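Student: To be precise about what I am sending: the file is called upload16.txt and holds compact mmCIF, C-alpha atoms.
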# COMPACT_ATOMS: atom_id res chain seq x y z
CA MET S 1 72.05 -114.82 -156.50
CA GLY S 2 69.34 -114.95 -159.08
CA GLN S 3 67.48 -111.90 -157.76
CA GLY S 4 68.06 -108.37 -158.99
CA VAL S 5 68.30 -105.18 -156.99
CA LEU S 6 64.60 -104.30 -157.28
CA SER S 7 63.41 -107.60 -155.83
CA SER S 8 65.97 -107.98 -153.06
CA GLY S 9 68.11 -104.87 -152.72
CA PHE S 10 71.21 -107.06 -152.93
CA ALA S 11 72.99 -108.45 -155.98
CA ARG S 12 76.47 -109.37 -157.20
CA VAL S 13 78.25 -106.80 -159.33
CA ASP S 14 81.45 -108.04 -160.97
CA GLY S 15 81.42 -110.90 -158.48
CA THR S 16 81.16 -108.75 -155.35
CA LEU S 17 77.97 -108.67 -153.29
CA SER S 18 76.48 -105.17 -153.28
CA CYS S 19 73.56 -103.37 -151.67
CA GLU S 20 71.87 -101.36 -154.39
CA GLY S 21 74.79 -99.38 -155.91
CA VAL S 22 77.28 -99.85 -153.07
CA PRO S 23 79.71 -102.81 -152.71
CA LEU S 24 79.45 -104.33 -149.25
CA ASP S 25 83.22 -104.64 -148.90
CA ARG S 26 83.41 -100.84 -149.27
CA ILE S 27 81.04 -100.44 -146.32
CA ALA S 28 82.97 -102.95 -144.21
CA ALA S 29 86.28 -101.21 -144.96
CA ASP S 30 84.78 -97.83 -144.02
CA VAL S 31 82.59 -98.77 -141.04
CA GLY S 32 84.04 -102.06 -139.77
CA THR S 33 82.23 -105.20 -138.65
CA PRO S 34 79.83 -106.37 -137.40
CA THR S 35 77.55 -103.97 -139.28
CA TYR S 36 73.89 -104.13 -140.27
CA VAL S 37 73.21 -102.82 -143.79
CA TYR S 38 69.69 -101.87 -144.93
CA SER S 39 68.38 -101.25 -148.46
CA ALA S 40 66.05 -98.23 -148.64
CA ALA S 41 64.85 -99.41 -152.06
CA MET S 42 63.71 -102.72 -150.60
CA VAL S 43 61.82 -101.02 -147.76
CA ARG S 44 60.06 -98.74 -150.25
CA ASP S 45 59.28 -101.66 -152.57
CA ARG S 46 57.68 -103.83 -149.88
CA TYR S 47 55.66 -100.99 -148.37
CA THR S 48 54.44 -99.81 -151.79
CA ARG S 49 53.43 -103.31 -152.89
CA LEU S 50 51.27 -103.76 -149.82
CA ASP S 51 49.82 -100.22 -150.04
CA GLU S 52 48.88 -100.71 -153.69
CA ALA S 53 47.34 -104.13 -153.03
CA LEU S 54 45.10 -102.62 -150.34
CA ALA S 55 44.12 -99.63 -152.54
CA PRO S 56 40.50 -100.82 -153.06
CA LEU S 57 39.93 -100.37 -149.31
CA GLU S 58 40.01 -97.29 -147.11
CA HIS S 59 43.16 -98.20 -145.22
CA ARG S 60 46.25 -97.09 -143.36
CA ILE S 61 49.48 -99.05 -142.93
CA HIS S 62 51.07 -98.69 -139.50
CA TYR S 63 54.58 -100.10 -139.57
CA THR S 64 55.45 -102.08 -136.43
CA LEU S 65 58.51 -100.58 -134.75
CA LYS S 66 59.43 -103.71 -132.83
CA ALA S 67 60.73 -105.29 -136.05
CA ASN S 68 63.29 -102.54 -136.66
CA SER S 69 63.18 -99.16 -134.93
CA ASN S 70 66.18 -97.58 -136.66
CA ALA S 71 65.64 -93.86 -137.23
CA GLY S 72 66.88 -94.02 -140.82
CA VAL S 73 64.39 -96.76 -141.69
CA LEU S 74 61.61 -94.85 -139.91
CA ARG S 75 62.35 -91.71 -141.94
CA VAL S 76 62.03 -93.69 -145.19
CA LEU S 77 58.64 -95.02 -144.09
CA ARG S 78 57.39 -91.64 -142.86
CA GLU S 79 58.18 -90.14 -146.25
CA LEU S 80 56.03 -92.88 -147.82
CA GLY S 81 53.06 -91.86 -145.66
CA ALA S 82 53.15 -94.75 -143.20
CA GLY S 83 51.87 -94.62 -139.68
CA VAL S 84 53.48 -96.67 -136.92
CA ASP S 85 52.52 -99.21 -134.29
CA VAL S 86 54.41 -99.02 -130.98
CA VAL S 87 54.39 -101.33 -127.97
CA SER S 88 56.30 -99.36 -125.33
CA GLY S 89 56.97 -95.86 -124.11
CA GLY S 90 60.45 -96.13 -125.58
CA GLU S 91 59.07 -96.93 -129.02
CA LEU S 92 56.62 -94.03 -128.68
CA PHE S 93 59.60 -91.76 -127.93
CA ARG S 94 61.49 -93.12 -130.96
CA ALA S 95 58.49 -92.67 -133.25
CA ARG S 96 57.94 -89.06 -132.22
CA LYS S 97 61.66 -88.30 -132.50
CA ALA S 98 61.53 -89.66 -136.06
CA GLY S 99 58.77 -87.17 -136.92
CA PHE S 100 55.57 -89.17 -136.45
CA GLU S 101 52.74 -87.23 -134.85
CA GLY S 102 50.22 -88.63 -132.39
CA LYS S 103 47.64 -89.09 -135.15
CA ASP S 104 50.10 -91.42 -136.91
CA ILE S 105 50.57 -93.74 -133.92
CA VAL S 106 48.76 -96.84 -132.70
CA PHE S 107 49.87 -97.91 -129.20
CA GLY S 108 49.64 -101.64 -128.48
CA GLY S 109 51.33 -104.09 -126.14
CA VAL S 110 50.19 -106.62 -123.57
CA GLY S 111 51.61 -104.97 -120.43
CA LYS S 112 51.43 -101.20 -120.68
CA THR S 113 52.26 -99.37 -117.45
CA GLU S 114 50.19 -96.46 -116.19
CA HIS S 115 53.12 -94.19 -117.03
CA GLU S 116 53.11 -95.44 -120.63
CA LEU S 117 49.34 -95.05 -120.95
CA ARG S 118 49.64 -91.49 -119.69
CA GLU S 119 52.40 -90.80 -122.24
CA ALA S 120 50.21 -92.21 -125.02
CA LEU S 121 47.27 -90.00 -124.11
CA GLU S 122 49.46 -86.92 -123.67
CA ALA S 123 50.85 -87.59 -127.18
CA ARG S 124 47.25 -87.80 -128.46
CA VAL S 125 47.85 -91.10 -130.22
CA MET S 126 45.33 -92.20 -132.80
CA LEU S 127 44.44 -95.38 -130.94
CA VAL S 128 45.35 -97.39 -127.83
CA ASN S 129 44.72 -101.10 -128.33
CA ALA S 130 43.74 -102.41 -124.89
CA GLU S 131 44.34 -106.04 -123.97
CA SER S 132 41.92 -106.40 -121.06
CA GLU S 133 38.87 -104.80 -119.50
CA ALA S 134 41.10 -103.76 -116.59
CA GLU S 135 43.28 -101.79 -119.00
CA VAL S 136 40.21 -100.06 -120.44
CA ARG S 137 39.18 -98.99 -116.95
CA THR S 138 42.71 -97.77 -116.19
CA LEU S 139 42.65 -95.73 -119.38
CA ASP S 140 39.32 -94.22 -118.37
CA ARG S 141 40.76 -93.11 -115.03
CA ILE S 142 43.94 -91.63 -116.52
CA ALA S 143 42.02 -89.91 -119.33
CA GLY S 144 39.72 -88.37 -116.70
CA GLU S 145 42.72 -87.03 -114.80
CA LEU S 146 44.05 -85.49 -118.02
CA GLY S 147 40.66 -84.13 -119.10
CA VAL S 148 40.63 -86.05 -122.40
CA VAL S 149 38.73 -88.92 -123.99
CA ALA S 150 40.92 -91.95 -124.74
CA PRO S 151 40.47 -93.51 -128.21
CA VAL S 152 40.41 -97.24 -127.44
CA GLY S 153 40.54 -100.38 -129.51
CA LEU S 154 40.04 -103.85 -128.08
CA ARG S 155 42.70 -106.37 -128.98
CA VAL S 156 40.76 -109.54 -129.56
CA ASN S 157 42.27 -112.99 -129.30
CA PRO S 158 40.42 -114.58 -132.23
CA GLU S 159 41.54 -118.05 -131.08
CA VAL S 160 42.49 -119.36 -134.50
CA THR S 161 45.15 -121.95 -135.20
CA VAL S 162 48.12 -120.64 -137.18
CA ASP S 163 51.03 -122.30 -138.96
CA SER S 164 53.93 -120.12 -137.80
CA SER S 165 57.31 -121.83 -137.89
CA HIS S 166 57.91 -121.43 -134.15
CA ARG S 167 55.57 -121.46 -131.15
CA TYR S 168 57.08 -118.24 -129.79
CA ILE S 169 55.61 -116.25 -132.69
CA LYS S 170 52.04 -117.55 -132.40
CA THR S 171 49.91 -114.94 -130.62
CA GLY S 172 46.29 -115.59 -131.59
CA GLU S 173 45.61 -119.11 -130.36
CA LYS S 174 43.42 -120.00 -127.39
CA GLY S 175 45.30 -119.56 -124.10
CA ALA S 176 47.83 -117.01 -125.42
CA LYS S 177 48.82 -114.12 -123.14
CA PHE S 178 47.84 -111.65 -125.85
CA GLY S 179 44.47 -110.03 -126.30
CA ILE S 180 41.06 -110.40 -124.70
CA PRO S 181 39.71 -113.97 -124.80
CA PHE S 182 37.11 -114.14 -127.54
CA ASP S 183 34.20 -114.93 -125.22
CA GLN S 184 35.02 -111.92 -122.99
CA VAL S 185 35.15 -109.23 -125.69
CA ALA S 186 31.44 -108.39 -125.68
CA ALA S 187 31.55 -107.73 -121.92
CA ALA S 188 34.66 -105.57 -122.27
CA ALA S 189 32.99 -103.58 -125.05
CA ALA S 190 29.84 -103.11 -122.98
CA ALA S 191 31.93 -101.85 -120.09
CA ALA S 192 33.83 -99.45 -122.36
CA ALA S 193 30.54 -98.05 -123.65
CA THR S 194 29.55 -97.00 -120.12
CA LEU S 195 32.81 -95.25 -119.22
CA PRO S 196 32.86 -91.45 -119.61
CA HIS S 197 36.49 -90.95 -120.61
CA VAL S 198 36.99 -93.65 -123.24
CA GLU S 199 35.54 -94.09 -126.69
CA LEU S 200 35.57 -97.55 -128.27
CA VAL S 201 36.78 -96.84 -131.82
CA GLY S 202 38.50 -100.05 -132.90
CA LEU S 203 38.62 -103.83 -132.95
CA ASP S 204 42.10 -105.31 -133.28
CA MET S 205 43.84 -108.65 -133.63
CA HIS S 206 47.32 -109.99 -134.24
CA ILE S 207 47.46 -113.75 -134.66
CA GLY S 208 51.19 -114.30 -135.10
CA SER S 209 54.19 -113.87 -137.34
CA GLN S 210 55.55 -115.63 -140.41
CA LEU S 211 52.10 -116.52 -141.75
CA PHE S 212 52.24 -118.11 -145.20
CA ARG S 213 48.73 -119.57 -145.32
CA LEU S 214 46.05 -116.89 -145.59
CA ASP S 215 43.15 -118.97 -144.27
CA PRO S 216 43.89 -118.45 -140.54
CA TYR S 217 44.33 -114.71 -141.14
CA LEU S 218 41.00 -114.50 -142.94
CA ASP S 219 39.31 -116.65 -140.29
CA GLY S 220 40.46 -114.08 -137.73
CA VAL S 221 39.06 -111.23 -139.83
CA ASP S 222 35.74 -113.07 -140.09
CA ARG S 223 35.63 -113.37 -136.31
CA LEU S 224 36.33 -109.63 -135.90
CA VAL S 225 33.57 -108.75 -138.37
CA GLY S 226 31.19 -111.06 -136.51
CA LEU S 227 32.02 -109.27 -133.27
CA LEU S 228 31.43 -105.92 -134.92
CA GLU S 229 27.94 -107.01 -135.98
CA GLN S 230 27.25 -108.22 -132.44
CA LEU S 231 28.35 -104.89 -130.96
CA ARG S 232 26.30 -102.88 -133.42
CA ALA S 233 23.27 -104.99 -132.58
CA ALA S 234 23.87 -104.12 -128.93
CA GLY S 235 23.91 -100.41 -129.78
CA VAL S 236 27.66 -99.81 -129.89
CA ASN S 237 28.14 -97.72 -133.05
CA THR S 238 31.40 -95.87 -132.35
CA VAL S 239 33.82 -98.36 -133.93
CA ARG S 240 35.68 -96.82 -136.89
CA TYR S 241 38.74 -99.04 -137.34
CA LEU S 242 39.26 -102.70 -138.05
CA ASP S 243 42.87 -103.41 -137.13
CA ILE S 244 44.04 -106.78 -138.47
CA GLY S 245 47.64 -106.60 -137.25
CA GLY S 246 50.56 -107.91 -139.25
CA GLY S 247 52.26 -111.24 -139.62
CA LEU S 248 52.59 -111.80 -143.38
CA GLY S 249 55.47 -114.18 -143.95
CA VAL S 250 58.76 -113.41 -145.65
CA SER S 251 61.14 -115.86 -147.26
CA TYR S 252 64.37 -116.74 -145.45
CA ASP S 253 65.08 -119.86 -147.51
CA ASP S 254 62.70 -121.11 -150.18
CA GLU S 255 59.35 -120.25 -148.61
CA GLU S 256 56.67 -118.96 -150.98
CA THR S 257 55.48 -115.56 -149.76
CA PRO S 258 51.74 -114.82 -149.65
CA ASP S 259 49.96 -113.51 -152.75
CA LEU S 260 49.17 -109.91 -151.74
CA HIS S 261 46.52 -109.32 -154.39
CA ARG S 262 44.67 -112.52 -153.49
CA PHE S 263 44.86 -111.48 -149.84
CA ALA S 264 43.56 -107.99 -150.63
CA ARG S 265 40.66 -109.33 -152.72
CA ALA S 266 39.63 -111.55 -149.81
CA LEU S 267 39.79 -108.57 -147.44
CA VAL S 268 37.67 -106.36 -149.71
CA SER S 269 34.74 -108.78 -149.63
CA ARG S 270 34.94 -108.98 -145.83
CA VAL S 271 35.84 -105.44 -144.75
CA GLN S 272 34.24 -103.15 -147.33
CA PRO S 273 30.65 -103.95 -146.27
CA THR S 274 31.47 -102.86 -142.70
CA GLY S 275 32.27 -99.30 -143.76
CA LEU S 276 35.31 -99.30 -141.42
CA THR S 277 38.84 -98.13 -142.14
CA LEU S 278 41.25 -101.03 -142.34
CA LEU S 279 44.44 -100.76 -140.30
CA MET S 280 47.32 -103.12 -140.93
CA GLU S 281 50.51 -103.38 -138.90
CA PRO S 282 53.28 -105.11 -140.89
CA GLY S 283 56.80 -105.20 -139.54
CA ARG S 284 58.88 -108.12 -140.76
CA PHE S 285 57.13 -108.03 -144.15
CA VAL S 286 58.37 -104.50 -144.80
CA VAL S 287 61.94 -104.75 -143.50
CA GLY S 288 62.87 -108.43 -143.03
CA ASN S 289 64.53 -109.01 -146.39
CA SER S 290 65.96 -105.49 -146.55
CA GLY S 291 68.84 -106.08 -144.14
CA MET S 292 72.23 -107.80 -144.24
CA LEU S 293 74.66 -108.42 -141.38
CA LEU S 294 78.32 -108.06 -142.34
CA THR S 295 80.74 -110.13 -140.27
CA ARG S 296 84.38 -111.10 -140.68
CA VAL S 297 85.86 -114.57 -140.19
CA LEU S 298 88.35 -114.47 -137.31
CA TYR S 299 89.48 -118.09 -137.19
CA ARG S 300 88.92 -121.45 -138.85
CA LYS S 301 89.04 -124.51 -136.62
CA PHE S 302 88.58 -128.27 -136.90
CA SER S 303 87.37 -130.15 -133.84
CA GLY S 304 85.52 -133.42 -133.31
CA GLY S 305 85.16 -133.97 -137.03
CA ARG S 306 83.56 -130.56 -137.59
CA HIS S 307 84.79 -127.39 -139.25
CA PHE S 308 84.15 -124.13 -137.41
CA LEU S 309 84.20 -120.62 -138.82
CA VAL S 310 84.56 -118.24 -135.86
CA THR S 311 83.22 -114.80 -136.80
CA ASP S 312 83.07 -111.43 -135.06
CA ALA S 313 79.24 -111.60 -134.97
CA GLY S 314 77.18 -114.08 -133.01
CA MET S 315 74.11 -114.36 -130.81
CA THR S 316 74.68 -110.82 -129.51
CA GLU S 317 74.16 -109.51 -133.06
CA LEU S 318 71.57 -112.04 -134.30
CA ILE S 319 69.84 -114.18 -131.70
CA ARG S 320 67.25 -115.67 -134.07
CA PRO S 321 69.23 -118.83 -135.00
CA SER S 322 69.80 -119.68 -131.33
CA HIS S 323 66.43 -118.52 -129.96
CA TYR S 324 64.07 -119.56 -132.77
CA ASP S 325 66.14 -122.17 -134.61
CA ALA S 326 65.90 -119.72 -137.51
CA TYR S 327 67.63 -120.10 -140.86
CA HIS S 328 69.60 -117.22 -142.39
CA ARG S 329 71.46 -117.65 -145.65
CA ILE S 330 75.19 -116.91 -145.41
CA GLU S 331 77.61 -116.25 -148.25
CA PRO S 332 80.96 -114.55 -148.87
CA VAL S 333 80.90 -110.94 -150.00
CA ALA S 334 83.71 -111.69 -152.48
CA ALA S 335 83.08 -113.95 -155.47
CA PRO S 336 82.40 -117.41 -154.01
CA SER S 337 84.62 -120.39 -154.81
CA GLY S 338 84.88 -123.96 -153.60
CA HIS S 339 82.62 -125.35 -150.89
CA MET S 340 82.73 -126.54 -147.31
CA THR S 341 80.44 -127.67 -144.51
CA ALA S 342 80.91 -125.78 -141.28
CA ASP S 343 79.35 -124.40 -138.12
CA VAL S 344 79.38 -120.60 -138.32
CA VAL S 345 79.83 -119.51 -134.71
CA GLY S 346 80.40 -116.27 -132.85
CA PRO S 347 82.81 -115.10 -130.17
CA VAL S 348 80.38 -115.23 -127.24
CA CYS S 349 81.13 -117.60 -124.36
CA GLU S 350 78.03 -119.75 -124.90
CA SER S 351 77.65 -123.09 -126.72
CA GLY S 352 74.41 -121.69 -128.09
CA ASP S 353 76.27 -118.88 -129.85
CA PHE S 354 75.96 -119.67 -133.55
CA LEU S 355 74.69 -118.25 -136.82
CA ALA S 356 74.45 -121.61 -138.64
CA LEU S 357 75.14 -125.26 -137.85
CA ASP S 358 76.36 -127.92 -140.27
CA ARG S 359 75.89 -125.45 -143.12
CA GLU S 360 77.06 -126.04 -146.69
CA LEU S 361 78.57 -122.81 -147.98
CA PRO S 362 81.38 -121.53 -150.19
CA GLU S 363 84.93 -121.83 -148.90
CA ALA S 364 85.80 -119.20 -146.29
CA ASN S 365 88.99 -118.39 -144.43
CA PRO S 366 90.21 -115.96 -141.75
CA GLY S 367 89.86 -112.38 -142.93
CA ASP S 368 87.01 -113.16 -145.33
CA LEU S 369 83.88 -111.03 -145.16
CA LEU S 370 80.57 -112.87 -144.83
CA ALA S 371 77.05 -111.58 -145.41
CA VAL S 372 74.19 -112.96 -143.32
CA HIS S 373 70.96 -112.38 -145.22
CA ASP S 374 67.52 -111.17 -144.15
CA VAL S 375 68.34 -109.53 -140.80
CA GLY S 376 66.24 -106.40 -141.37
CA ALA S 377 63.70 -107.58 -138.79
CA TYR S 378 64.57 -108.69 -135.27
CA GLY S 379 68.30 -108.24 -135.78
CA TYR S 380 69.61 -105.06 -134.19
CA VAL S 381 66.49 -104.59 -132.07
CA MET S 382 67.20 -107.90 -130.31
CA ALA S 383 70.96 -107.34 -130.07
CA SER S 384 72.55 -107.35 -126.62
CA ASN S 385 75.67 -106.36 -124.76
CA TYR S 386 76.22 -109.84 -123.31
CA ASN S 387 79.92 -110.44 -122.59
CA THR S 388 80.13 -106.62 -122.51
CA ARG S 389 80.20 -106.50 -126.29
CA PRO S 390 79.45 -103.16 -127.99
CA ARG S 391 76.58 -103.31 -130.46
CA GLY S 392 77.48 -102.91 -134.12
CA ALA S 393 76.79 -100.03 -136.47
CA GLU S 394 73.73 -99.64 -138.71
CA VAL S 395 74.09 -98.37 -142.28
CA LEU S 396 71.35 -97.28 -144.69
CA VAL S 397 71.99 -97.54 -148.43
CA ASP S 398 69.96 -95.45 -150.86
CA GLY S 399 70.98 -95.89 -154.48
CA ASP S 400 74.70 -95.26 -154.87
CA ARG S 401 75.16 -93.61 -151.48
CA TYR S 402 75.26 -94.85 -147.90
CA ALA S 403 75.28 -93.40 -144.41
CA VAL S 404 75.91 -94.63 -140.90
CA VAL S 405 72.54 -94.16 -139.19
CA THR S 406 73.55 -95.73 -135.86
CA ALA S 407 77.13 -95.40 -134.69
CA ARG S 408 79.03 -98.39 -133.35
CA GLU S 409 78.95 -98.46 -129.58
CA ARG S 410 82.16 -97.68 -127.70
CA TYR S 411 83.32 -99.19 -124.43
CA GLU S 412 82.41 -95.90 -122.75
CA ASP S 413 78.81 -96.30 -123.95
CA LEU S 414 78.56 -99.62 -122.12
CA VAL S 415 79.17 -98.10 -118.70
CA HIS S 416 77.81 -94.56 -118.96
CA LEU S 417 74.75 -95.34 -116.80
CA GLU S 418 76.77 -96.91 -114.00
CA LEU S 419 77.47 -94.72 -110.97
CA ASP S 420 81.02 -94.58 -109.66
CA HIS S 421 79.79 -92.92 -106.47
CA PRO S 422 76.26 -94.21 -105.76
CA GLU S 423 74.10 -92.48 -103.19
CA TRP S 424 73.58 -94.91 -100.30
CA ARG S 425 70.21 -94.75 -98.51
CA LYS S 426 68.94 -96.15 -95.25
CA GLY S 427 66.57 -99.09 -95.57
What is this file in structure tokens?

Tutor:
Amino acid sequence: MGQGVLSSGFARVDGTLSCEGVPLDRIAADVGTPTYVYSAAMVRDRYTRLDEALAPLEHRIHYTLKANSNAGVLRVLRELGAGVDVVSGGELFRARKAGFEGKDIVFGGVGKTEHELREALEARVMLVNAESEAEVRTLDRIAGELGVVAPVGLRVNPEVTVDSSHRYIKTGEKGAKFGIPFDQVAAAAAAAATLPHVELVGLDMHIGSQLFRLDPYLDGVDRLVGLLEQLRAAGVNTVRYLDIGGGLGVSYDDEETPDLHRFARALVSRVQPTGLTLLMEPGRFVVGNSGMLLTRVLYRKFSGGRHFLVTDAGMTELIRPSHYDAYHRIEPVAAPSGHMTADVVGPVCESGDFLALDRELPEANPGDLLAVHDVGAYGYVMASNYNTRPRGAEVLVDGDRYAVVTARERYEDLVHLELDHPEWRKG
């Protein structure tokens, strides 16, 4: 690896791959595998870089929990002054348990239930980003029942074309399920202005994930600013926040990450004249490169002219290769030697269970420890218990110390919600 600890959180020390000041083989020996390992230094570095780039603007960064909702990671971000963006009642619960107050929380999501909306208002969240006029009206009714005024933002579908690597992570193109269609936003805003228990305080967008070109992002911002001017001309003057979502790309292979300072300069010229506070909701950008998945080779096989490395982690630990055709770099934790071409597959009874296909990598044999890079986002949060497999542990490294921040599941954990003696009821 050519990167040092500050830029990546991971480096080789005397040949052994380490996270900050802790050798990864030490963690595996102590905690077992599969295990997710996160670098606190990398999380701080990415957050601080973005915060400093946006310094010319009145702004607040709200980290998106859906990328990685681990309590240890959330505590690091809370200490840095971050807010959070949540998309479910469960994430709201996690955020508050981690110490975030209502004023620190933006509540988004395309299909919020009435129960979740009630929870958001009872928590006095800073902002609820509504995705339809119907949701705004539901919020008005619930807020009236609670005797409060709901702070509402409108999630706008800016209908811009993006260059994300996979169609599943494009959310701001015409016809997407997310947001209010662009030509319906003015009507939704006019309706919100007439309702007694909501206040329209924000305009919001999120156009997708893994964005490397800035032009679509800035086109979306331009469309939001144009809407703001239209609303102000119609007499709606309550908007205080311009929420531009997240989506900045991170490198998994050799992608060139966006220039933050160029991005910030372009935002200043667009947002500063509005007088609004900029909200940004990064997730993957903050945590994506901060995580590593440790897995051990169980078997080495040769079949049909192909080499297979069977590991104790698979699609239940990291579904991105199977679901998104995503690339994650894989290397031995010990000093690498030799080379081979192999499919790195997991133990799950599915042909789609793999971490890499036809991958060139250093020689590996049963018992060897492998590190799968860049799993800090959409790793553990998308893990499953398929095949009744316990989820792995999560470890946070901070300098020369480490701690288990999520214990490895036990068999008992997998069945604790099942009822041995269910209560039968008449239909």

Student: One decimal, Å: what's the distance from CA of Gly179 (chain S) over to CA of Met205 (chain S), could you say?

Tutor: 7.5 Å

Student: Using all atoms listed in the file, which of the listed residues (S:Phe107, S:Tyr411, S:Phe285, S:Phe308) sits closest to Pro390 (chain S)?

Tutor: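 Using all atoms listed in the file, Pro390 (chain S) sits closest to S:Tyr411.
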
Student: Could you tell me how far CA of Arg155 (chain S) sits from CA of Thr48 (chain S), in Å to one decimal place?

Tutor: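 These atoms are spaced 26.5 Å apart.
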
Student: What does the distance between CA of Leu200 (chain S) and CA of Arg118 (chain S) come to in Å, to one decimal place?

Tutor: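 CA of Leu200 (chain S) sits 17.6 Å away from CA of Arg118 (chain S).
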
Student: Do you have, as a Markdown table, the list of residues of region 268-365 of chain S lying at most 12 Å from region 394-405 of chain S, each with its nearest atom pair and that distance in Å to one decimal, counting only C-alpha atoms and ordered by chain then number?

Tutor:
| residue | atom | partner | partner_atom | distance |
| --- | --- | --- | --- | --- |
| S:Ser290 | CA | S:Leu396 | CA | 10.0 |
| S:Gly291 | CA | S:Leu396 | CA | 9.2 |
| S:Met292 | CA | S:Val395 | CA | 9.8 |
| S:Leu293 | CA | S:Glu394 | CA | 9.2 |
| S:Leu294 | CA | S:Glu394 | CA | 10.3 |
| S:Glu317 | CA | S:Glu394 | CA | 11.4 |

Student: Would you mind putting back N, CA and C atoms on region 366-381 of chain S, then writing it out as an mmCIF file, in the frame of the given file?

Tutor:
data_model
loop_
_atom_site.group_PDB
_atom_site.id
_atom_site.type_symbol
_atom_site.label_atom_id
_atom_site.label_comp_id
_atom_site.auth_asym_id
_atom_site.auth_seq_id
_atom_site.Cartn_x
_atom_site.Cartn_y
_atom_site.Cartn_z
ATOM 1 N N PRO S 366 90.021 -117.156 -142.582
ATOM 2 C CA PRO S 366 90.210 -115.960 -141.750
ATOM 3 C C PRO S 366 90.448 -114.711 -142.583
ATOM 4 N N GLY S 367 89.772 -113.644 -142.199
ATOM 5 C CA GLY S 367 89.860 -112.380 -142.930
ATOM 6 C C GLY S 367 88.760 -112.186 -143.946
ATOM 7 N N ASP S 368 88.078 -113.274 -144.338
ATOM 8 C CA ASP S 368 87.010 -113.160 -145.330
ATOM 9 C C ASP S 368 85.791 -112.470 -144.719
ATOM 10 N N LEU S 369 85.096 -111.738 -145.550
ATOM 11 C CA LEU S 369 83.880 -111.030 -145.160
ATOM 12 C C LEU S 369 82.676 -111.867 -145.550
ATOM 13 N N LEU S 370 81.792 -112.114 -144.578
ATOM 14 C CA LEU S 370 80.570 -112.870 -144.830
ATOM 15 C C LEU S 370 79.362 -111.964 -144.715
ATOM 16 N N ALA S 371 78.321 -112.292 -145.475
ATOM 17 C CA ALA S 371 77.050 -111.580 -145.410
ATOM 18 C C ALA S 371 75.976 -112.542 -144.932
ATOM 19 N N VAL S 372 75.311 -112.174 -143.848
ATOM 20 C CA VAL S 372 74.190 -112.960 -143.320
ATOM 21 C C VAL S 372 72.916 -112.270 -143.783
ATOM 22 N N HIS S 373 72.111 -112.983 -144.547
ATOM 23 C CA HIS S 373 70.960 -112.380 -145.220
ATOM 24 C C HIS S 373 69.756 -112.204 -144.283
ATOM 25 N N ASP S 374 68.883 -111.296 -144.680
ATOM 26 C CA ASP S 374 67.520 -111.170 -144.150
ATOM 27 C C ASP S 374 67.489 -110.889 -142.641
ATOM 28 N N VAL S 375 68.297 -109.901 -142.222
ATOM 29 C CA VAL S 375 68.340 -109.530 -140.800
ATOM 30 C C VAL S 375 67.665 -108.179 -140.556
ATOM 31 N N GLY S 376 66.878 -107.702 -141.522
ATOM 32 C CA GLY S 376 66.240 -106.400 -141.370
ATOM 33 C C GLY S 376 65.223 -106.344 -140.256
ATOM 34 N N ALA S 377 64.646 -107.503 -139.895
ATOM 35 C CA ALA S 377 63.700 -107.580 -138.790
ATOM 36 C C ALA S 377 64.283 -108.433 -137.676
ATOM 37 N N TYR S 378 64.153 -107.952 -136.454
ATOM 38 C CA TYR S 378 64.570 -108.690 -135.270
ATOM 39 C C TYR S 378 66.055 -109.048 -135.292
ATOM 40 N N GLY S 379 66.851 -108.127 -135.821
ATOM 41 C CA GLY S 379 68.300 -108.240 -135.780
ATOM 42 C C GLY S 379 68.838 -107.296 -134.727
ATOM 43 N N TYR S 380 69.071 -106.045 -135.127
ATOM 44 C CA TYR S 380 69.610 -105.060 -134.190
ATOM 45 C C TYR S 380 68.705 -104.856 -132.984
ATOM 46 N N VAL S 381 67.396 -104.877 -133.186
ATOM 47 C CA VAL S 381 66.490 -104.590 -132.070
ATOM 48 C C VAL S 381 66.569 -105.653 -130.973
#
